[in-house]
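work_38.pdb follows; it contains PDB, C-alpha atoms.
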```
ATOM      1  CA  MET A   1      -0.392  51.089   8.854
ATOM      2  CA  MET A   2      -3.917  50.953  10.197
ATOM      3  CA  THR A   3      -4.223  49.278  13.592
ATOM      4  CA  PRO A   4      -7.405  48.920  15.618
ATOM      5  CA  ASN A   5      -6.581  50.716  18.828
ATOM      6  CA  LEU A   6      -7.366  49.194  22.162
ATOM      7  CA  THR A   7     -10.198  50.989  23.877
ATOM      8  CA  PRO A   8      -9.525  52.577  27.276
ATOM      9  CA  ARG A   9     -11.581  49.772  28.840
ATOM     10  CA  GLU A  10      -9.466  47.126  27.068
ATOM     11  CA  ARG A  11      -6.225  48.834  28.105
ATOM     12  CA  LEU A  12      -7.413  48.834  31.723
ATOM     13  CA  LEU A  13      -8.528  45.203  31.533
ATOM     14  CA  TYR A  14      -5.270  44.016  29.961
ATOM     15  CA  SER A  15      -3.241  46.069  32.439
ATOM     16  CA  LEU A  16      -5.055  44.485  35.386
ATOM     17  CA  LEU A  17      -4.769  41.022  33.874
ATOM     18  CA  SER A  18      -1.066  41.646  33.265
ATOM     19  CA  ILE A  19      -0.554  42.296  36.965
ATOM     20  CA  ALA A  20      -2.569  39.239  37.972
ATOM     21  CA  SER A  21      -0.871  36.916  35.480
ATOM     22  CA  ARG A  22       2.613  38.418  35.778
ATOM     23  CA  SER A  23       2.823  38.728  32.000
ATOM     24  CA  ASP A  24       2.510  41.689  29.671
ATOM     25  CA  LEU A  25      -0.927  41.044  28.184
ATOM     26  CA  LEU A  26      -1.288  44.683  27.198
ATOM     27  CA  ARG A  27       1.766  44.461  24.948
ATOM     28  CA  GLY A  28       0.613  41.061  23.693
ATOM     29  CA  ALA A  29      -2.817  42.432  22.792
ATOM     30  CA  ARG A  30      -1.254  45.337  20.899
ATOM     31  CA  THR A  31       1.105  42.994  19.031
ATOM     32  CA  VAL A  32      -1.688  40.607  18.059
ATOM     33  CA  ARG A  33      -3.852  43.524  16.868
ATOM     34  CA  GLU A  34      -1.016  44.882  14.715
ATOM     35  CA  ARG A  35      -0.610  41.529  12.955
ATOM     36  CA  ALA A  36      -4.049  41.868  11.373
ATOM     37  CA  PHE A  37      -2.636  44.688   9.244
ATOM     38  CA  TRP A  38       0.749  43.245   8.280
ATOM     39  CA  SER A  39       1.629  42.852   4.633
ATOM     40  CA  LEU A  40       1.205  39.410   3.122
ATOM     41  CA  GLU A  41       4.991  39.042   2.922
ATOM     42  CA  LYS A  42       5.481  39.919   6.588
ATOM     43  CA  MET A  43       2.682  37.559   7.663
ATOM     44  CA  ASP A  44       4.062  34.707   5.531
ATOM     45  CA  ALA A  45       7.534  35.162   7.059
ATOM     46  CA  PHE A  46       6.002  35.182  10.555
ATOM     47  CA  ARG A  47       3.950  32.033   9.884
ATOM     48  CA  LEU A  48       6.980  30.235   8.438
ATOM     49  CA  ARG A  49       9.174  31.205  11.416
ATOM     50  CA  ARG A  50       6.497  30.141  13.905
ATOM     51  CA  CYS A  51       5.986  26.812  12.143
ATOM     52  CA  ARG A  52       9.766  26.162  12.117
ATOM     53  CA  GLU A  53       9.983  27.000  15.844
ATOM     54  CA  THR A  54       7.128  24.582  16.558
ATOM     55  CA  LEU A  55       8.734  21.808  14.515
ATOM     56  CA  VAL A  56      12.145  22.342  16.143
ATOM     57  CA  HIS A  57      10.537  22.251  19.595
ATOM     58  CA  ALA A  58       8.573  19.104  18.723
ATOM     59  CA  GLY A  59      11.656  17.374  17.328
ATOM     60  CA  SER A  60      13.664  18.209  20.430
ATOM     61  CA  HIS A  61      11.147  17.842  23.256
ATOM     62  CA  VAL A  62       8.176  15.696  22.136
ATOM     63  CA  PRO A  63       8.906  11.938  22.115
ATOM     64  CA  TYR A  64       6.410  11.137  19.336
ATOM     65  CA  TYR A  65       7.875  13.731  16.969
ATOM     66  CA  ARG A  66      11.481  13.087  17.944
ATOM     67  CA  ALA A  67      11.042   9.443  16.860
ATOM     68  CA  LEU A  68       8.943  10.315  13.805
ATOM     69  CA  PHE A  69      11.424  12.912  12.523
ATOM     70  CA  ARG A  70      14.326  10.513  13.118
ATOM     71  CA  ASP A  71      12.544   7.685  11.275
ATOM     72  CA  LEU A  72      11.648   9.959   8.336
ATOM     73  CA  GLY A  73      15.023  11.709   8.221
ATOM     74  CA  PHE A  74      13.216  15.032   8.646
ATOM     75  CA  ASP A  75      15.311  17.909  10.000
ATOM     76  CA  PRO A  76      13.023  20.628  11.395
ATOM     77  CA  HIS A  77      15.928  23.094  11.443
ATOM     78  CA  SER A  78      16.005  22.975   7.625
ATOM     79  CA  PHE A  79      12.260  23.658   7.301
ATOM     80  CA  ALA A  80      12.076  26.373   4.643
ATOM     81  CA  SER A  81       8.634  26.141   3.061
ATOM     82  CA  PHE A  82       5.154  24.913   3.902
ATOM     83  CA  ASP A  83       5.661  22.452   1.039
ATOM     84  CA  ASP A  84       8.127  20.684   3.374
ATOM     85  CA  LEU A  85       5.145  19.605   5.498
ATOM     86  CA  ARG A  86       4.078  17.170   2.784
ATOM     87  CA  HIS A  87       6.887  14.891   4.002
ATOM     88  CA  LEU A  88       5.139  14.481   7.356
ATOM     89  CA  PRO A  89       2.112  12.289   8.040
ATOM     90  CA  VAL A  90      -1.068  13.951   9.247
ATOM     91  CA  LEU A  91      -1.645  13.883  12.998
ATOM     92  CA  THR A  92      -4.964  12.075  13.280
ATOM     93  CA  ARG A  93      -7.523  11.953  16.042
ATOM     94  CA  GLY A  94      -6.566   8.309  16.595
ATOM     95  CA  ILE A  95      -2.903   9.188  17.106
ATOM     96  CA  LEU A  96      -3.880  12.004  19.498
ATOM     97  CA  VAL A  97      -5.854   9.555  21.609
ATOM     98  CA  GLU A  98      -3.509   6.540  21.378
ATOM     99  CA  ARG A  99      -0.193   8.401  21.772
ATOM    100  CA  PHE A 100      -1.298  11.243  24.060
ATOM    101  CA  ALA A 101       1.540  10.726  26.573
ATOM    102  CA  ASP A 102       4.170  10.697  23.784
ATOM    103  CA  LEU A 103       2.761  13.914  22.312
ATOM    104  CA  ARG A 104       3.433  15.908  25.459
ATOM    105  CA  SER A 105       6.414  18.255  25.568
ATOM    106  CA  GLU A 106       9.004  17.098  28.075
ATOM    107  CA  ILE A 107       9.969  20.621  29.112
ATOM    108  CA  HIS A 108       6.547  21.866  30.242
ATOM    109  CA  PRO A 109       5.487  20.679  33.702
ATOM    110  CA  PRO A 110       1.775  19.932  34.205
ATOM    111  CA  SER A 111       1.325  23.273  35.979
ATOM    112  CA  ALA A 112       2.503  25.123  32.850
ATOM    113  CA  VAL A 113      -0.078  23.723  30.435
ATOM    114  CA  THR A 114      -3.754  24.283  29.806
ATOM    115  CA  THR A 115      -6.005  21.357  28.928
ATOM    116  CA  VAL A 116      -8.354  21.965  25.995
ATOM    117  CA  ARG A 117     -11.026  19.535  24.865
ATOM    118  CA  THR A 118     -12.813  19.547  21.545
ATOM    119  CA  GLY A 119     -16.583  19.533  21.491
ATOM    120  CA  GLY A 120     -16.781  15.971  20.219
ATOM    121  CA  THR A 121     -18.936  16.856  17.197
ATOM    122  CA  THR A 122     -17.331  14.046  15.188
ATOM    123  CA  GLY A 123     -17.995  11.362  17.781
ATOM    124  CA  SER A 124     -15.868  11.790  20.882
ATOM    125  CA  PRO A 125     -13.957  14.714  22.371
ATOM    126  CA  VAL A 126     -10.184  14.901  22.009
ATOM    127  CA  THR A 127      -7.900  16.426  24.613
ATOM    128  CA  VAL A 128      -4.934  18.595  23.673
ATOM    129  CA  LEU A 129      -2.511  20.564  25.816
ATOM    130  CA  GLN A 130      -1.333  24.128  25.260
ATOM    131  CA  ASP A 131       1.431  25.936  27.024
ATOM    132  CA  ARG A 132       0.259  29.125  28.708
ATOM    133  CA  ALA A 133       1.881  31.426  26.167
ATOM    134  CA  ASN A 134       0.037  29.703  23.310
ATOM    135  CA  ALA A 135      -3.266  29.663  25.197
ATOM    136  CA  THR A 136      -2.896  33.366  25.981
ATOM    137  CA  GLU A 137      -2.054  34.259  22.391
ATOM    138  CA  ARG A 138      -5.064  32.305  21.122
ATOM    139  CA  LEU A 139      -7.292  34.238  23.514
ATOM    140  CA  LEU A 140      -5.808  37.548  22.341
ATOM    141  CA  VAL A 141      -6.336  36.540  18.701
ATOM    142  CA  THR A 142      -9.987  35.805  19.509
ATOM    143  CA  HIS A 143     -10.299  39.219  21.148
ATOM    144  CA  ARG A 144      -8.748  40.773  18.017
ATOM    145  CA  LEU A 145     -11.282  38.982  15.830
ATOM    146  CA  PHE A 146     -14.140  40.386  17.885
ATOM    147  CA  ALA A 147     -12.600  43.880  17.768
ATOM    148  CA  LEU A 148     -12.304  43.706  13.976
ATOM    149  CA  MET A 149     -16.009  42.781  13.860
ATOM    150  CA  GLY A 150     -16.812  45.837  15.972
ATOM    151  CA  ARG A 151     -17.467  43.845  19.137
ATOM    152  CA  THR A 152     -16.120  45.011  22.463
ATOM    153  CA  ARG A 153     -15.357  43.024  25.597
ATOM    154  CA  GLY A 154     -18.639  42.324  27.331
ATOM    155  CA  SER A 155     -20.823  42.730  24.226
ATOM    156  CA  PRO A 156     -23.441  39.982  23.955
ATOM    157  CA  THR A 157     -22.337  37.768  21.077
ATOM    158  CA  LEU A 158     -23.757  34.550  19.660
ATOM    159  CA  LEU A 159     -21.426  32.225  17.782
ATOM    160  CA  ILE A 160     -22.775  29.321  15.795
ATOM    161  CA  ALA A 161     -20.299  26.680  14.684
ATOM    162  CA  GLY A 162     -20.101  22.994  13.959
ATOM    163  CA  ASN A 163     -21.460  20.436  11.574
ATOM    164  CA  PRO A 164     -25.039  19.408  10.927
ATOM    165  CA  ILE A 165     -26.068  17.003  13.672
ATOM    166  CA  ASP A 166     -27.306  13.551  12.792
ATOM    167  CA  SER A 167     -30.077  13.165  15.357
ATOM    168  CA  ARG A 168     -30.109   9.391  14.839
ATOM    169  CA  ALA A 169     -26.471   9.177  16.004
ATOM    170  CA  TRP A 170     -27.464  10.827  19.306
ATOM    171  CA  GLY A 171     -30.320   8.371  19.955
TER     172      GLY A 171
END
```
Please go through the file and, once you have read it, give me the structure as structure tokens.
Amino acid sequence: MMTPNLTPRERLLYSLLSIASRSDLLRGARTVRERAFWSLEKMDAFRLRRCRETLVHAGSHVPYYRALFRDLGFDPHSFASFDDLRHLPVLTRGILVERFADLRSEIHPPSAVTTVRTGGTTGSPVTVLQDRANATERLLVTHRLFALMGRTRGSPTLLIAGNPIDSRAWG
């Protein structure tokens, strides 16, 4: 299996960050890098397991989803296929804003979450919360993406994203 190796500089950086954060970021970075080269079957099984874990957590610890799953008769423990998601309504921007307090996990104290805000390109920014493990993994996945593109930590990089801007809407 081909795996993009961490550079000596990356290993040093992740080792130092591991000490500072009291978590094994070096191992996490290696694990995230390896995933890019998993077979389709292994990746599908991983995605399905992760989705089930998220649904089980939401059904147990997030008031909005606990009530929604109860009302729909949805059992996240029996989640077996991404087709099962069709039984759930889409989480909209409006629900995120209106039910923000009910969408927060009851087991994560405020000090254990990271606040993330969207850019507001569709009108107004939306705030979401991530636990530290998820925020860290997302960062490591971003680092992996840059590594696969041949970028190294500290390389000047320009990213362009978003939708065409309606200048009249900004006036």
Please identify all polymer residues within 12 Å of A:Arg30, counting only C-alpha atoms, omitting same-chain residues fewer than 5 positions from it, and present them as a VMD selection string. chain A and resid 3 to 7 10 to 11 14 to 15 24 to 25 35 to 37 137 140 to 141 143 to 144 147
Take the residues from that selection and put them in a file with C-alpha atoms, as a PDB file, in the coordinates of the input.
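Saved the output as selection19.pdb:
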```pdb
ATOM      1  CA  THR A   3      -4.223  49.278  13.592  1.00  0.00           C
ATOM      2  CA  PRO A   4      -7.405  48.920  15.618  1.00  0.00           C
ATOM      3  CA  ASN A   5      -6.581  50.716  18.828  1.00  0.00           C
ATOM      4  CA  LEU A   6      -7.366  49.194  22.162  1.00  0.00           C
ATOM      5  CA  THR A   7     -10.198  50.989  23.877  1.00  0.00           C
ATOM      6  CA  GLU A  10      -9.466  47.126  27.068  1.00  0.00           C
ATOM      7  CA  ARG A  11      -6.225  48.834  28.105  1.00  0.00           C
ATOM      8  CA  TYR A  14      -5.270  44.016  29.961  1.00  0.00           C
ATOM      9  CA  SER A  15      -3.241  46.069  32.439  1.00  0.00           C
ATOM     10  CA  ASP A  24       2.510  41.689  29.671  1.00  0.00           C
ATOM     11  CA  LEU A  25      -0.927  41.044  28.184  1.00  0.00           C
ATOM     12  CA  ARG A  35      -0.610  41.529  12.955  1.00  0.00           C
ATOM     13  CA  ALA A  36      -4.049  41.868  11.373  1.00  0.00           C
ATOM     14  CA  PHE A  37      -2.636  44.688   9.244  1.00  0.00           C
ATOM     15  CA  GLU A 137      -2.054  34.259  22.391  1.00  0.00           C
ATOM     16  CA  LEU A 140      -5.808  37.548  22.341  1.00  0.00           C
ATOM     17  CA  VAL A 141      -6.336  36.540  18.701  1.00  0.00           C
ATOM     18  CA  HIS A 143     -10.299  39.219  21.148  1.00  0.00           C
ATOM     19  CA  ARG A 144      -8.748  40.773  18.017  1.00  0.00           C
ATOM     20  CA  ALA A 147     -12.600  43.880  17.768  1.00  0.00           C
TER      21      ALA A 147
END
```
re atom CA of A:Ile19 and atom CA of A:Arg104: distance 29.1 Å
What gap, in Å, lies between atom CA of A:Leu91 and atom CA of A:Asp71?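 Atom CA of A:Asp71 lies at a distance of 15.6 Å from atom CA of A:Leu91.
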Output the residue selection produced by the PyMOL selection byres ((chain A and resi 77) around 12) on the file above, formatted as a PyMOL selection string. chain A and resi 48-49+51-60+69+73-76+78-81+84
Contact residues around A:Arg132 with all atoms listed in the file at 8 Å, ignoring same-chain residues under 2 positions, as an MDAnalysis selection string: chainID A and resid 112:114 130 134:136
Produce the centre coordinates and the three edge lengths, each in Å to one decimal, of the box along x, y and z that contains all listed atoms of stretch 15-24 of chain A with 8 Å added on each side, as AutoDock Vina command-line options.
```
--center_x -1.1 --center_y 41.5 --center_z 33.8 --size_x 23.9 --size_y 25.2 --size_z 24.3
```
Which residue of A:Leu40, A:Val126, A:Leu88, A:Val116 approaches A:Phe100 most closely, using only C-alpha atoms: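 That would be A:Val126, the residue with the smallest distance to A:Phe100.
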To one decimal place, how far is atom CA of A:Ala29 from atom CA of A:Leu139 in Å? 9.4 Å
